[in-house]
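Asker: start03.json is the file, holding JSON, C-alpha atoms:
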```json
[["chain", "number", "residue", "atom", "x", "y", "z"],
["A", 1, "MET", "CA", 278.45, 182.49, 255.23],
["A", 2, "THR", "CA", 275.20, 180.81, 254.58],
["A", 3, "THR", "CA", 273.02, 182.13, 251.82],
["A", 4, "LEU", "CA", 269.30, 181.73, 251.96],
["A", 5, "THR", "CA", 267.74, 180.94, 248.66],
["A", 6, "GLU", "CA", 264.20, 182.12, 248.19],
["A", 7, "ALA", "CA", 261.76, 179.40, 247.37],
["A", 8, "PRO", "CA", 260.32, 179.80, 243.93],
["A", 9, "GLU", "CA", 256.81, 181.14, 243.87],
["A", 10, "THR", "CA", 254.32, 178.40, 243.35],
["A", 11, "SER", "CA", 251.84, 179.06, 240.64],
["A", 12, "PRO", "CA", 248.22, 178.43, 241.52],
["A", 13, "ALA", "CA", 247.23, 174.90, 240.79],
["A", 14, "ARG", "CA", 245.20, 174.53, 237.72],
["A", 15, "GLU", "CA", 241.72, 173.09, 238.13],
["A", 16, "THR", "CA", 241.79, 169.50, 237.04],
["A", 17, "PRO", "CA", 238.90, 167.99, 235.06],
["A", 18, "ALA", "CA", 238.00, 165.77, 238.01],
["A", 19, "ARG", "CA", 237.79, 168.76, 240.38],
["A", 20, "ARG", "CA", 235.76, 170.73, 237.86],
["A", 21, "ARG", "CA", 233.38, 167.81, 237.43],
["A", 22, "ARG", "CA", 233.03, 167.49, 241.22],
["A", 23, "ARG", "CA", 232.25, 171.19, 241.56],
["A", 24, "VAL", "CA", 229.61, 170.95, 238.82],
["A", 25, "ASP", "CA", 228.07, 167.92, 240.54],
["A", 26, "ASN", "CA", 227.88, 169.87, 243.82],
["A", 27, "LEU", "CA", 226.13, 172.80, 242.15],
["A", 28, "LEU", "CA", 223.76, 170.70, 240.05],
["A", 29, "PRO", "CA", 221.16, 170.04, 242.83],
["A", 30, "TYR", "CA", 220.91, 173.78, 243.53],
["A", 31, "ALA", "CA", 220.52, 174.52, 239.83],
["A", 32, "LEU", "CA", 217.71, 171.96, 239.59],
["A", 33, "LEU", "CA", 215.97, 173.57, 242.57],
["A", 34, "LEU", "CA", 216.06, 177.06, 241.08],
["A", 35, "PRO", "CA", 212.91, 176.67, 238.92],
["A", 36, "CYS", "CA", 210.94, 175.36, 241.89],
["A", 37, "LEU", "CA", 212.22, 178.13, 244.13],
["A", 38, "ALA", "CA", 211.31, 180.71, 241.50],
["A", 39, "ILE", "CA", 207.77, 179.34, 241.25],
["A", 40, "ILE", "CA", 207.41, 179.29, 245.04],
["A", 41, "GLY", "CA", 208.70, 182.83, 245.22],
["A", 42, "VAL", "CA", 206.18, 184.06, 242.64],
["A", 43, "LEU", "CA", 203.17, 182.11, 243.91],
["A", 44, "LEU", "CA", 203.81, 182.20, 247.67],
["A", 45, "LEU", "CA", 206.49, 184.55, 248.90],
["A", 46, "TRP", "CA", 205.48, 187.54, 246.76],
["A", 47, "PRO", "CA", 201.79, 187.47, 247.78],
["A", 48, "LEU", "CA", 202.81, 186.88, 251.40],
["A", 49, "GLY", "CA", 205.11, 189.89, 251.26],
["A", 50, "GLN", "CA", 202.29, 191.97, 249.79],
["A", 51, "VAL", "CA", 199.98, 190.95, 252.64],
["A", 52, "VAL", "CA", 202.62, 191.91, 255.19],
["A", 53, "VAL", "CA", 203.05, 195.32, 253.54],
["A", 54, "MET", "CA", 199.27, 195.84, 253.43],
["A", 55, "SER", "CA", 198.99, 195.09, 257.14],
["A", 56, "PHE", "CA", 201.00, 198.25, 257.92],
["A", 57, "HIS", "CA", 198.69, 200.54, 255.94],
["A", 58, "ARG", "CA", 195.10, 201.76, 256.05],
["A", 59, "LEU", "CA", 193.37, 200.42, 252.95],
["A", 60, "ASN", "CA", 189.66, 201.01, 252.62],
["A", 61, "ASN", "CA", 188.88, 200.89, 248.88],
["A", 62, "VAL", "CA", 189.81, 199.06, 245.72],
["A", 63, "ARG", "CA", 191.42, 202.13, 244.17],
["A", 64, "GLN", "CA", 194.18, 201.94, 246.74],
["A", 65, "LEU", "CA", 194.81, 198.31, 245.87],
["A", 66, "ARG", "CA", 195.04, 199.23, 242.18],
["A", 67, "GLY", "CA", 197.58, 201.93, 242.98],
["A", 68, "ASP", "CA", 195.34, 204.88, 242.05],
["A", 69, "ARG", "CA", 195.56, 206.31, 245.55],
["A", 70, "GLU", "CA", 198.30, 206.37, 248.15],
["A", 71, "TRP", "CA", 198.47, 203.98, 251.06],
["A", 72, "PRO", "CA", 198.36, 205.81, 254.43],
["A", 73, "TRP", "CA", 200.99, 204.36, 256.75],
["A", 74, "VAL", "CA", 199.67, 203.26, 260.17],
["A", 75, "GLY", "CA", 202.60, 201.15, 261.36],
["A", 76, "LEU", "CA", 201.44, 198.67, 264.00],
["A", 77, "GLY", "CA", 198.06, 200.37, 264.29],
["A", 78, "ASN", "CA", 196.17, 197.50, 262.64],
["A", 79, "TYR", "CA", 197.83, 194.93, 264.90],
["A", 80, "THR", "CA", 197.15, 197.03, 267.99],
["A", 81, "GLN", "CA", 193.50, 197.37, 267.05],
["A", 82, "ILE", "CA", 193.12, 193.64, 266.44],
["A", 83, "LEU", "CA", 194.99, 192.44, 269.52],
["A", 84, "SER", "CA", 193.18, 194.89, 271.82],
["A", 85, "ASP", "CA", 189.76, 193.81, 270.58],
["A", 86, "PRO", "CA", 188.05, 191.37, 273.03],
["A", 87, "PHE", "CA", 186.35, 189.70, 270.08],
["A", 88, "PHE", "CA", 189.77, 188.63, 268.76],
["A", 89, "ARG", "CA", 190.31, 186.54, 271.89],
["A", 90, "THR", "CA", 186.97, 184.81, 271.27],
["A", 91, "VAL", "CA", 187.95, 184.10, 267.67],
["A", 92, "LEU", "CA", 191.37, 182.82, 268.73],
["A", 93, "ARG", "CA", 189.79, 180.54, 271.33],
["A", 94, "ASN", "CA", 187.35, 179.15, 268.75],
["A", 95, "THR", "CA", 190.21, 178.52, 266.32],
["A", 96, "VAL", "CA", 192.49, 176.77, 268.80],
["A", 97, "LEU", "CA", 189.79, 174.56, 270.31],
["A", 98, "PHE", "CA", 188.44, 173.65, 266.88],
["A", 99, "ALA", "CA", 191.91, 172.81, 265.55],
["A", 100, "VAL", "CA", 192.85, 170.70, 268.58],
["A", 101, "ALA", "CA", 189.60, 168.72, 268.45],
["A", 102, "ASN", "CA", 189.80, 168.18, 264.69],
["A", 103, "VAL", "CA", 193.47, 167.17, 264.66],
["A", 104, "ALA", "CA", 192.85, 164.64, 267.44],
["A", 105, "LEU", "CA", 189.72, 163.16, 265.83],
["A", 106, "THR", "CA", 191.27, 163.11, 262.34],
["A", 107, "MET", "CA", 194.43, 161.38, 263.54],
["A", 108, "ILE", "CA", 192.54, 158.80, 265.61],
["A", 109, "LEU", "CA", 190.02, 157.94, 262.90],
["A", 110, "GLY", "CA", 192.61, 158.00, 260.13],
["A", 111, "THR", "CA", 194.97, 155.75, 262.10],
["A", 112, "LEU", "CA", 192.21, 153.25, 262.88],
["A", 113, "VAL", "CA", 191.16, 153.10, 259.23],
["A", 114, "GLY", "CA", 194.79, 152.72, 258.18],
["A", 115, "LEU", "CA", 195.24, 149.81, 260.60],
["A", 116, "LEU", "CA", 192.04, 148.25, 259.26],
["A", 117, "LEU", "CA", 193.20, 148.54, 255.66],
["A", 118, "ASN", "CA", 196.49, 146.91, 256.62],
["A", 119, "ARG", "CA", 194.65, 143.90, 258.07],
["A", 120, "LEU", "CA", 192.25, 143.40, 255.17],
["A", 121, "GLY", "CA", 192.93, 141.29, 252.13],
["A", 122, "ARG", "CA", 194.24, 142.87, 248.97],
["A", 123, "LYS", "CA", 190.94, 143.07, 247.10],
["A", 124, "MET", "CA", 188.90, 144.22, 250.08],
["A", 125, "ALA", "CA", 191.57, 146.75, 251.08],
["A", 126, "THR", "CA", 191.58, 148.17, 247.56],
["A", 127, "PHE", "CA", 187.78, 148.46, 247.57],
["A", 128, "VAL", "CA", 187.62, 150.10, 251.01],
["A", 129, "ALA", "CA", 190.51, 152.46, 250.22],
["A", 130, "SER", "CA", 188.82, 153.52, 246.98],
["A", 131, "CYS", "CA", 185.58, 154.27, 248.83],
["A", 132, "VAL", "CA", 187.44, 156.16, 251.55],
["A", 133, "MET", "CA", 189.40, 158.24, 249.06],
["A", 134, "LEU", "CA", 186.16, 159.48, 247.51],
["A", 135, "ALA", "CA", 185.77, 161.77, 250.51],
["A", 136, "TRP", "CA", 189.30, 163.10, 250.03],
["A", 137, "ALA", "CA", 188.80, 163.56, 246.28],
["A", 138, "THR", "CA", 185.51, 165.43, 246.73],
["A", 139, "PRO", "CA", 186.08, 169.21, 246.56],
["A", 140, "ALA", "CA", 185.51, 170.95, 249.88],
["A", 141, "LEU", "CA", 182.77, 173.14, 248.42],
["A", 142, "THR", "CA", 180.85, 170.22, 246.91],
["A", 143, "GLY", "CA", 181.10, 168.07, 250.00],
["A", 144, "THR", "CA", 180.02, 170.90, 252.30],
["A", 145, "ILE", "CA", 176.96, 171.64, 250.16],
["A", 146, "VAL", "CA", 175.95, 167.97, 250.45],
["A", 147, "TRP", "CA", 176.39, 168.04, 254.24],
["A", 148, "LYS", "CA", 174.38, 171.26, 254.47],
["A", 149, "TRP", "CA", 171.54, 169.54, 252.61],
["A", 150, "ILE", "CA", 171.79, 166.55, 254.97],
["A", 151, "PHE", "CA", 171.15, 168.92, 257.91],
["A", 152, "ASP", "CA", 168.53, 171.00, 256.11],
["A", 153, "ASP", "CA", 165.75, 171.99, 258.52],
["A", 154, "THR", "CA", 162.92, 170.90, 256.21],
["A", 155, "SER", "CA", 164.03, 168.27, 253.70],
["A", 156, "GLY", "CA", 167.34, 167.12, 255.17],
["A", 157, "LEU", "CA", 168.13, 163.50, 255.93],
["A", 158, "VAL", "CA", 168.85, 164.18, 259.61],
["A", 159, "THR", "CA", 165.58, 166.07, 260.05],
["A", 160, "TRP", "CA", 163.71, 163.17, 258.39],
["A", 161, "LEU", "CA", 165.41, 160.60, 260.66],
["A", 162, "PHE", "CA", 164.53, 162.52, 263.82],
["A", 163, "ASN", "CA", 160.95, 162.97, 262.66],
["A", 164, "ALA", "CA", 160.78, 159.21, 262.06],
["A", 165, "LEU", "CA", 161.46, 158.52, 265.75],
["A", 166, "PRO", "CA", 158.45, 157.62, 267.89],
["A", 167, "ASP", "CA", 156.95, 160.75, 269.41],
["A", 168, "GLY", "CA", 157.31, 159.44, 272.95],
["A", 169, "LEU", "CA", 160.97, 158.53, 272.50],
["A", 170, "SER", "CA", 161.85, 161.79, 270.77],
["A", 171, "GLN", "CA", 159.95, 163.84, 273.36],
["A", 172, "GLY", "CA", 161.56, 161.99, 276.23],
["A", 173, "LEU", "CA", 165.13, 162.21, 274.92],
["A", 174, "PHE", "CA", 165.18, 165.62, 273.25],
["A", 175, "GLY", "CA", 162.13, 167.44, 274.51],
["A", 176, "ARG", "CA", 160.45, 167.76, 271.11],
["A", 177, "SER", "CA", 158.77, 165.50, 268.58],
["A", 178, "ASP", "CA", 158.58, 167.71, 265.49],
["A", 179, "TRP", "CA", 161.99, 168.57, 264.05],
["A", 180, "THR", "CA", 160.82, 170.34, 260.92],
["A", 181, "GLY", "CA", 162.20, 173.86, 260.94],
["A", 182, "TYR", "CA", 164.78, 173.10, 263.63],
["A", 183, "GLY", "CA", 167.88, 175.24, 263.07],
["A", 184, "TRP", "CA", 170.82, 172.84, 263.19],
["A", 185, "PHE", "CA", 173.26, 175.67, 262.54],
["A", 186, "ASN", "CA", 171.80, 178.26, 264.94],
["A", 187, "SER", "CA", 173.55, 177.03, 268.09],
["A", 188, "PRO", "CA", 177.34, 177.57, 268.20],
["A", 189, "LEU", "CA", 177.84, 174.14, 269.80],
["A", 190, "LEU", "CA", 175.78, 172.36, 267.15],
["A", 191, "PHE", "CA", 177.40, 174.41, 264.40],
["A", 192, "PHE", "CA", 180.93, 173.49, 265.49],
["A", 193, "SER", "CA", 179.88, 169.85, 265.93],
["A", 194, "ILE", "CA", 178.59, 169.69, 262.36],
["A", 195, "LEU", "CA", 181.62, 171.61, 261.07],
["A", 196, "THR", "CA", 183.90, 169.14, 262.86],
["A", 197, "LEU", "CA", 182.01, 166.25, 261.26],
["A", 198, "VAL", "CA", 182.44, 167.78, 257.81],
["A", 199, "VAL", "CA", 186.15, 168.56, 258.24],
["A", 200, "VAL", "CA", 187.04, 165.18, 259.76],
["A", 201, "TRP", "CA", 185.07, 163.37, 257.02],
["A", 202, "HIS", "CA", 187.05, 165.22, 254.38],
["A", 203, "SER", "CA", 190.47, 164.89, 256.09],
["A", 204, "PHE", "CA", 190.76, 161.40, 257.56],
["A", 205, "PRO", "CA", 191.24, 159.50, 254.23],
["A", 206, "PHE", "CA", 194.60, 161.21, 253.67],
["A", 207, "ILE", "CA", 195.70, 160.21, 257.17],
["A", 208, "ALA", "CA", 194.49, 156.65, 256.63],
["A", 209, "VAL", "CA", 196.33, 156.16, 253.35],
["A", 210, "SER", "CA", 199.51, 157.77, 254.74],
["A", 211, "VAL", "CA", 199.42, 155.52, 257.81],
["A", 212, "LEU", "CA", 198.81, 152.51, 255.56],
["A", 213, "ALA", "CA", 201.87, 153.42, 253.48],
["A", 214, "GLY", "CA", 203.92, 153.67, 256.66],
["A", 215, "LEU", "CA", 202.63, 150.33, 257.93],
["A", 216, "LYS", "CA", 203.76, 148.64, 254.72],
["A", 217, "SER", "CA", 207.34, 149.67, 255.55],
["A", 218, "VAL", "CA", 207.28, 148.08, 259.02],
["A", 219, "PRO", "CA", 208.88, 144.60, 258.95],
["A", 220, "SER", "CA", 206.22, 141.98, 259.60],
["A", 221, "GLU", "CA", 208.75, 139.94, 261.60],
["A", 222, "LEU", "CA", 208.59, 142.49, 264.42],
["A", 223, "HIS", "CA", 204.84, 142.16, 264.76],
["A", 224, "GLU", "CA", 205.01, 138.37, 264.57],
["A", 225, "ALA", "CA", 207.71, 138.25, 267.26],
["A", 226, "ALA", "CA", 205.65, 140.52, 269.51],
["A", 227, "ARG", "CA", 202.56, 138.33, 269.09],
["A", 228, "VAL", "CA", 204.62, 135.22, 269.88],
["A", 229, "ASP", "CA", 205.71, 136.93, 273.11],
["A", 230, "GLY", "CA", 202.05, 137.42, 274.02],
["A", 231, "ALA", "CA", 201.67, 141.13, 273.21],
["A", 232, "GLY", "CA", 198.16, 142.26, 272.32],
["A", 233, "PRO", "CA", 197.24, 144.65, 269.48],
["A", 234, "TRP", "CA", 197.33, 147.72, 271.75],
["A", 235, "ARG", "CA", 200.79, 146.89, 273.08],
["A", 236, "VAL", "CA", 202.09, 146.00, 269.61],
["A", 237, "PHE", "CA", 200.95, 149.37, 268.28],
["A", 238, "TRP", "CA", 202.51, 151.49, 271.03],
["A", 239, "ARG", "CA", 205.70, 149.45, 271.42],
["A", 240, "ILE", "CA", 206.50, 148.74, 267.76],
["A", 241, "THR", "CA", 204.27, 150.48, 265.23],
["A", 242, "PHE", "CA", 204.08, 153.94, 266.73],
["A", 243, "PRO", "CA", 207.84, 154.37, 267.43],
["A", 244, "LEU", "CA", 208.70, 153.29, 263.89],
["A", 245, "LEU", "CA", 206.05, 155.57, 262.36],
["A", 246, "ARG", "CA", 206.73, 158.55, 264.61],
["A", 247, "PRO", "CA", 208.16, 160.68, 261.76],
["A", 248, "VAL", "CA", 205.06, 159.92, 259.67],
["A", 249, "PHE", "CA", 202.73, 160.86, 262.51],
["A", 250, "GLY", "CA", 204.75, 164.02, 263.11],
["A", 251, "ILE", "CA", 204.35, 165.21, 259.53],
["A", 252, "LEU", "CA", 200.64, 164.32, 259.51],
["A", 253, "ILE", "CA", 199.99, 166.21, 262.74],
["A", 254, "VAL", "CA", 201.75, 169.30, 261.41],
["A", 255, "LEU", "CA", 199.80, 169.17, 258.13],
["A", 256, "SER", "CA", 196.49, 168.59, 259.94],
["A", 257, "THR", "CA", 197.19, 171.50, 262.27],
["A", 258, "ILE", "CA", 197.86, 173.84, 259.35],
["A", 259, "TRP", "CA", 194.75, 172.69, 257.48],
["A", 260, "ASP", "CA", 192.43, 172.89, 260.50],
["A", 261, "PHE", "CA", 193.66, 176.34, 261.51],
["A", 262, "LYS", "CA", 192.88, 177.59, 258.00],
["A", 263, "VAL", "CA", 189.41, 176.10, 257.57],
["A", 264, "PHE", "CA", 187.36, 178.57, 255.56],
["A", 265, "THR", "CA", 185.25, 177.02, 252.79],
["A", 266, "GLN", "CA", 183.34, 174.62, 255.03],
["A", 267, "GLN", "CA", 182.56, 177.28, 257.61],
["A", 268, "PHE", "CA", 181.58, 179.89, 255.03],
["A", 269, "VAL", "CA", 179.15, 177.52, 253.28],
["A", 270, "LEU", "CA", 177.59, 176.09, 256.45],
["A", 271, "ALA", "CA", 177.16, 179.53, 258.04],
["A", 272, "GLY", "CA", 175.84, 181.04, 254.82],
["A", 273, "GLY", "CA", 178.36, 183.89, 254.82],
["A", 274, "THR", "CA", 179.88, 186.04, 257.52],
["A", 275, "GLN", "CA", 176.83, 186.89, 259.60],
["A", 276, "ASP", "CA", 177.33, 184.33, 262.40],
["A", 277, "ARG", "CA", 180.07, 186.15, 264.34],
["A", 278, "PRO", "CA", 179.97, 183.93, 267.50],
["A", 279, "THR", "CA", 181.31, 181.05, 265.37],
["A", 280, "PHE", "CA", 184.08, 183.06, 263.71],
["A", 281, "MET", "CA", 187.57, 181.61, 263.38],
["A", 282, "LEU", "CA", 190.68, 183.39, 262.20],
["A", 283, "SER", "CA", 190.34, 182.64, 258.49],
["A", 284, "ILE", "CA", 186.76, 183.83, 258.13],
["A", 285, "TYR", "CA", 187.46, 186.69, 260.57],
["A", 286, "SER", "CA", 190.20, 187.93, 258.25],
["A", 287, "TYR", "CA", 187.87, 187.65, 255.25],
["A", 288, "ALA", "CA", 185.02, 189.44, 257.02],
["A", 289, "GLU", "CA", 187.19, 192.35, 258.14],
["A", 290, "ALA", "CA", 188.73, 192.73, 254.69],
["A", 291, "PHE", "CA", 185.66, 192.45, 252.46],
["A", 292, "SER", "CA", 182.56, 193.21, 254.53],
["A", 293, "PRO", "CA", 181.38, 196.78, 253.91],
["A", 294, "PRO", "CA", 183.04, 199.05, 254.71],
["A", 295, "PRO", "CA", 186.13, 197.08, 253.59],
["A", 296, "LYS", "CA", 189.23, 197.18, 255.78],
["A", 297, "TYR", "CA", 191.91, 195.43, 253.78],
["A", 298, "GLY", "CA", 194.67, 196.45, 256.17],
["A", 299, "LEU", "CA", 192.93, 194.87, 259.17],
["A", 300, "GLY", "CA", 192.20, 191.71, 257.20],
["A", 301, "ALA", "CA", 195.84, 191.48, 256.15],
["A", 302, "ALA", "CA", 196.97, 191.94, 259.78],
["A", 303, "ILE", "CA", 194.74, 189.05, 260.90],
["A", 304, "ALA", "CA", 196.14, 186.88, 258.08],
["A", 305, "VAL", "CA", 199.70, 187.69, 259.19],
["A", 306, "ILE", "CA", 198.85, 186.82, 262.80],
["A", 307, "LEU", "CA", 197.40, 183.49, 261.64],
["A", 308, "THR", "CA", 200.55, 182.78, 259.63],
["A", 309, "LEU", "CA", 202.79, 183.58, 262.61],
["A", 310, "ILE", "CA", 200.74, 181.29, 264.87],
["A", 311, "LEU", "CA", 201.10, 178.44, 262.38],
["A", 312, "LEU", "CA", 204.83, 179.04, 262.05],
["A", 313, "VAL", "CA", 205.29, 179.01, 265.83],
["A", 314, "VAL", "CA", 203.17, 175.88, 266.34],
["A", 315, "THR", "CA", 204.90, 174.06, 263.49],
["A", 316, "GLY", "CA", 208.36, 175.12, 264.65],
["A", 317, "LEU", "CA", 207.73, 174.00, 268.24],
["A", 318, "TYR", "CA", 206.40, 170.63, 267.14],
["A", 319, "VAL", "CA", 209.25, 169.98, 264.70],
["A", 320, "ARG", "CA", 211.74, 170.93, 267.41],
["A", 321, "MET", "CA", 210.09, 168.54, 269.85],
["A", 322, "VAL", "CA", 210.18, 165.69, 267.32],
["A", 323, "LEU", "CA", 213.84, 166.32, 266.53],
["A", 324, "ARG", "CA", 214.70, 166.38, 270.22],
["A", 325, "GLN", "CA", 212.92, 163.07, 270.78],
["A", 326, "GLU", "CA", 214.84, 161.53, 267.87],
["A", 327, "ASP", "CA", 218.14, 162.78, 269.30],
["A", 328, "GLU", "CA", 217.31, 161.34, 272.71],
["A", 329, "SER", "CA", 216.36, 158.00, 271.21]]
```
Would you encode the structure as structure tokens?
Answerer:
Amino acid sequence: MTTLTEAPETSPARETPARRRRRVDNLLPYALLLPCLAIIGVLLLWPLGQVVVMSFHRLNNVRQLRGDREWPWVGLGNYTQILSDPFFRTVLRNTVLFAVANVALTMILGTLVGLLLNRLGRKMATFVASCVMLAWATPALTGTIVWKWIFDDTSGLVTWLFNALPDGLSQGLFGRSDWTGYGWFNSPLLFFSILTLVVVWHSFPFIAVSVLAGLKSVPSELHEAARVDGAGPWRVFWRITFPLLRPVFGILIVLSTIWDFKVFTQQFVLAGGTQDRPTFMLSIYSYAEAFSPPPKYGLGAAIAVILTLILLVVTGLYVRMVLRQEDES
């Protein structure tokens, strides 16, 4: 008769110092990220959550914001009112067209300047980069005020230059010889052209310096080999430079898209407030609905949420496209 002996119960293995040290090392990065996540939560996520909550209520006075009065719940009423308004489609069209044009112009100009800086000598590149970065370092408000003076209808530089043209030439090309008092910001087309000039002027230095930093990481041997094979500058850029810098261009396009969708300061200063409704974009539309009398904070919050969702969708689609291209390559 065979007897089965029960195996002795194994006691749980004690955690060795090496395993404990490994577990601490694995948790250390998350512990170091906690302060940053806490700051982001306080400065970004909490206000964003408050805006989302406001968008579901009817808020028409400051006392409600201070908590002295209750917030009437309207559910999706604010979103329904905004999305059913034909003016919202005009604002959305202005925003999309403006962002597409500005992202394209900023990327093209910034890339060209970055390529130029990469070809210049060290001293000249430092001088040009310093001059270019002045535009980036200038606050948006200060720079826009300067540009508004440049296009002033009486004492602006542009008005002076057009008045300096011969009367026959100015009359033949533009149909007028006296430009004093001409409203450069009265026409929506002219207004958006000047606004594009201001935004691109302020944005392209960051693109240029970022592209220059990426170009410094490209091995010079690849460019030299391509030139030996007879490739011109255009072919070298698209065959070698652009594929290697595709992640850099992807990040820059996403950042430029976010910035150009949210343009507010430049438009507010050039337009002189919120009176020029035909040139509205989503950012200033949200501000006007929230703070123009009578205030409608709930509607303004709903527009801000819609703008945030659009940016999240555009950014997500572009990041997904870039990741798919990297997987295919």
Asker: Need to verify the contact set: stretch 236-240 of chain A, 9 Å, all atoms listed in the file, exclusion of same-chain residues closer than 5 positions in sequence. Can you return it as a PyMOL selection string?
Answerer: chain A and resi 218+222-223+226-227+231+245
Asker: So that I can see what lies close to A:Val103, please list as a compact mmCIF listing (two decimals) with C-alpha atoms, keeping the file's coordinate frame the residues with an atom at most 7 Å from it, counting all atoms listed in the file and leaving out residues fewer than 6 positions away in the same chain.
Answerer:
```
# COMPACT_ATOMS: atom_id res chain seq x y z
CA ILE A 253 199.99 166.21 262.74
CA SER A 256 196.49 168.59 259.94
CA THR A 257 197.19 171.50 262.27
```
Asker: Hey, what's within 7 Å of A:Ala99 if we count only C-alpha atoms and toss same-chain stuff fewer than 3 positions away? As a list in words, please?
Answerer: Thr95, Val96, Asn102, Val103, Thr257, Asp260 and Phe261 of chain A
Asker: Can you pull out every residue within 12 Å of A:Ala290, counting only C-alpha atoms, but drop anything in the same chain fewer than 2 positions away, and send it as a short mmCIF file (atom, residue, chain, number, x, y, z; two decimals) with C-alpha atoms, in the coordinates of the input?
Answerer:
```
data_model
loop_
_atom_site.label_atom_id
_atom_site.label_comp_id
_atom_site.auth_asym_id
_atom_site.auth_seq_id
_atom_site.Cartn_x
_atom_site.Cartn_y
_atom_site.Cartn_z
CA VAL A 51 199.98 190.95 252.64
CA MET A 54 199.27 195.84 253.43
CA SER A 55 198.99 195.09 257.14
CA ARG A 58 195.10 201.76 256.05
CA LEU A 59 193.37 200.42 252.95
CA ASN A 60 189.66 201.01 252.62
CA ASN A 61 188.88 200.89 248.88
CA VAL A 62 189.81 199.06 245.72
CA ASN A 78 196.17 197.50 262.64
CA THR A 274 179.88 186.04 257.52
CA SER A 283 190.34 182.64 258.49
CA ILE A 284 186.76 183.83 258.13
CA TYR A 285 187.46 186.69 260.57
CA SER A 286 190.20 187.93 258.25
CA TYR A 287 187.87 187.65 255.25
CA ALA A 288 185.02 189.44 257.02
CA SER A 292 182.56 193.21 254.53
CA PRO A 293 181.38 196.78 253.91
CA PRO A 294 183.04 199.05 254.71
CA PRO A 295 186.13 197.08 253.59
CA LYS A 296 189.23 197.18 255.78
CA TYR A 297 191.91 195.43 253.78
CA GLY A 298 194.67 196.45 256.17
CA LEU A 299 192.93 194.87 259.17
CA GLY A 300 192.20 191.71 257.20
CA ALA A 301 195.84 191.48 256.15
CA ALA A 302 196.97 191.94 259.78
CA ILE A 303 194.74 189.05 260.90
CA ALA A 304 196.14 186.88 258.08
#
```
Asker: Taking every listed atom of stretch 15-28 of chain A and adding 8 Å to each side, what centre and edge lengths in Å (one decimal) does the axis-aligned box have, as lines of an AutoDock Vina configuration file?
Answerer:
```
center_x = 232.8
center_y = 169.4
center_z = 239.4
size_x = 34.0
size_y = 23.3
size_z = 24.8
```
Asker: Using all atoms listed in the file, which residues sit within 8 Å of A:Ile145 once same-chain residues fewer than 3 positions away are excluded, as a PyMOL selection string?
Answerer: chain A and resi 141-142+148-149+269-270
Asker: Would you please work out which residue, of A:Gly250, A:Pro139, A:Pro243, A:Gly230, is nearest to A:Ser203 when using only C-alpha atoms?
Answerer: A:Pro139
Asker: Give the answer as one residue: which of A:Trp147, A:Phe242, A:Phe204, A:Trp179 has the shortest atom-to-atom distance to A:Trp259, using only C-alpha atoms?
Answerer: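 Going through A:Trp147, A:Phe242, A:Phe204, A:Trp179 one by one, the smallest distance to A:Trp259 is for A:Phe204.
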Asker: By how many Å are atom CA of A:Thr180 and atom CA of A:Thr159 apart?
Answerer: 6.5 Å
Asker: To one decimal in Å, tell me the separation between atom CA of A:Leu97 and atom CA of A:Leu134.
Answerer: 27.6 Å
Asker: Identify which of the residues A:Asp178, A:Leu43, A:Pro166, A:Phe56 lies closest to A:Gln81, counting only C-alpha atoms when measuring atom-to-atom distances.
Answerer: A:Phe56
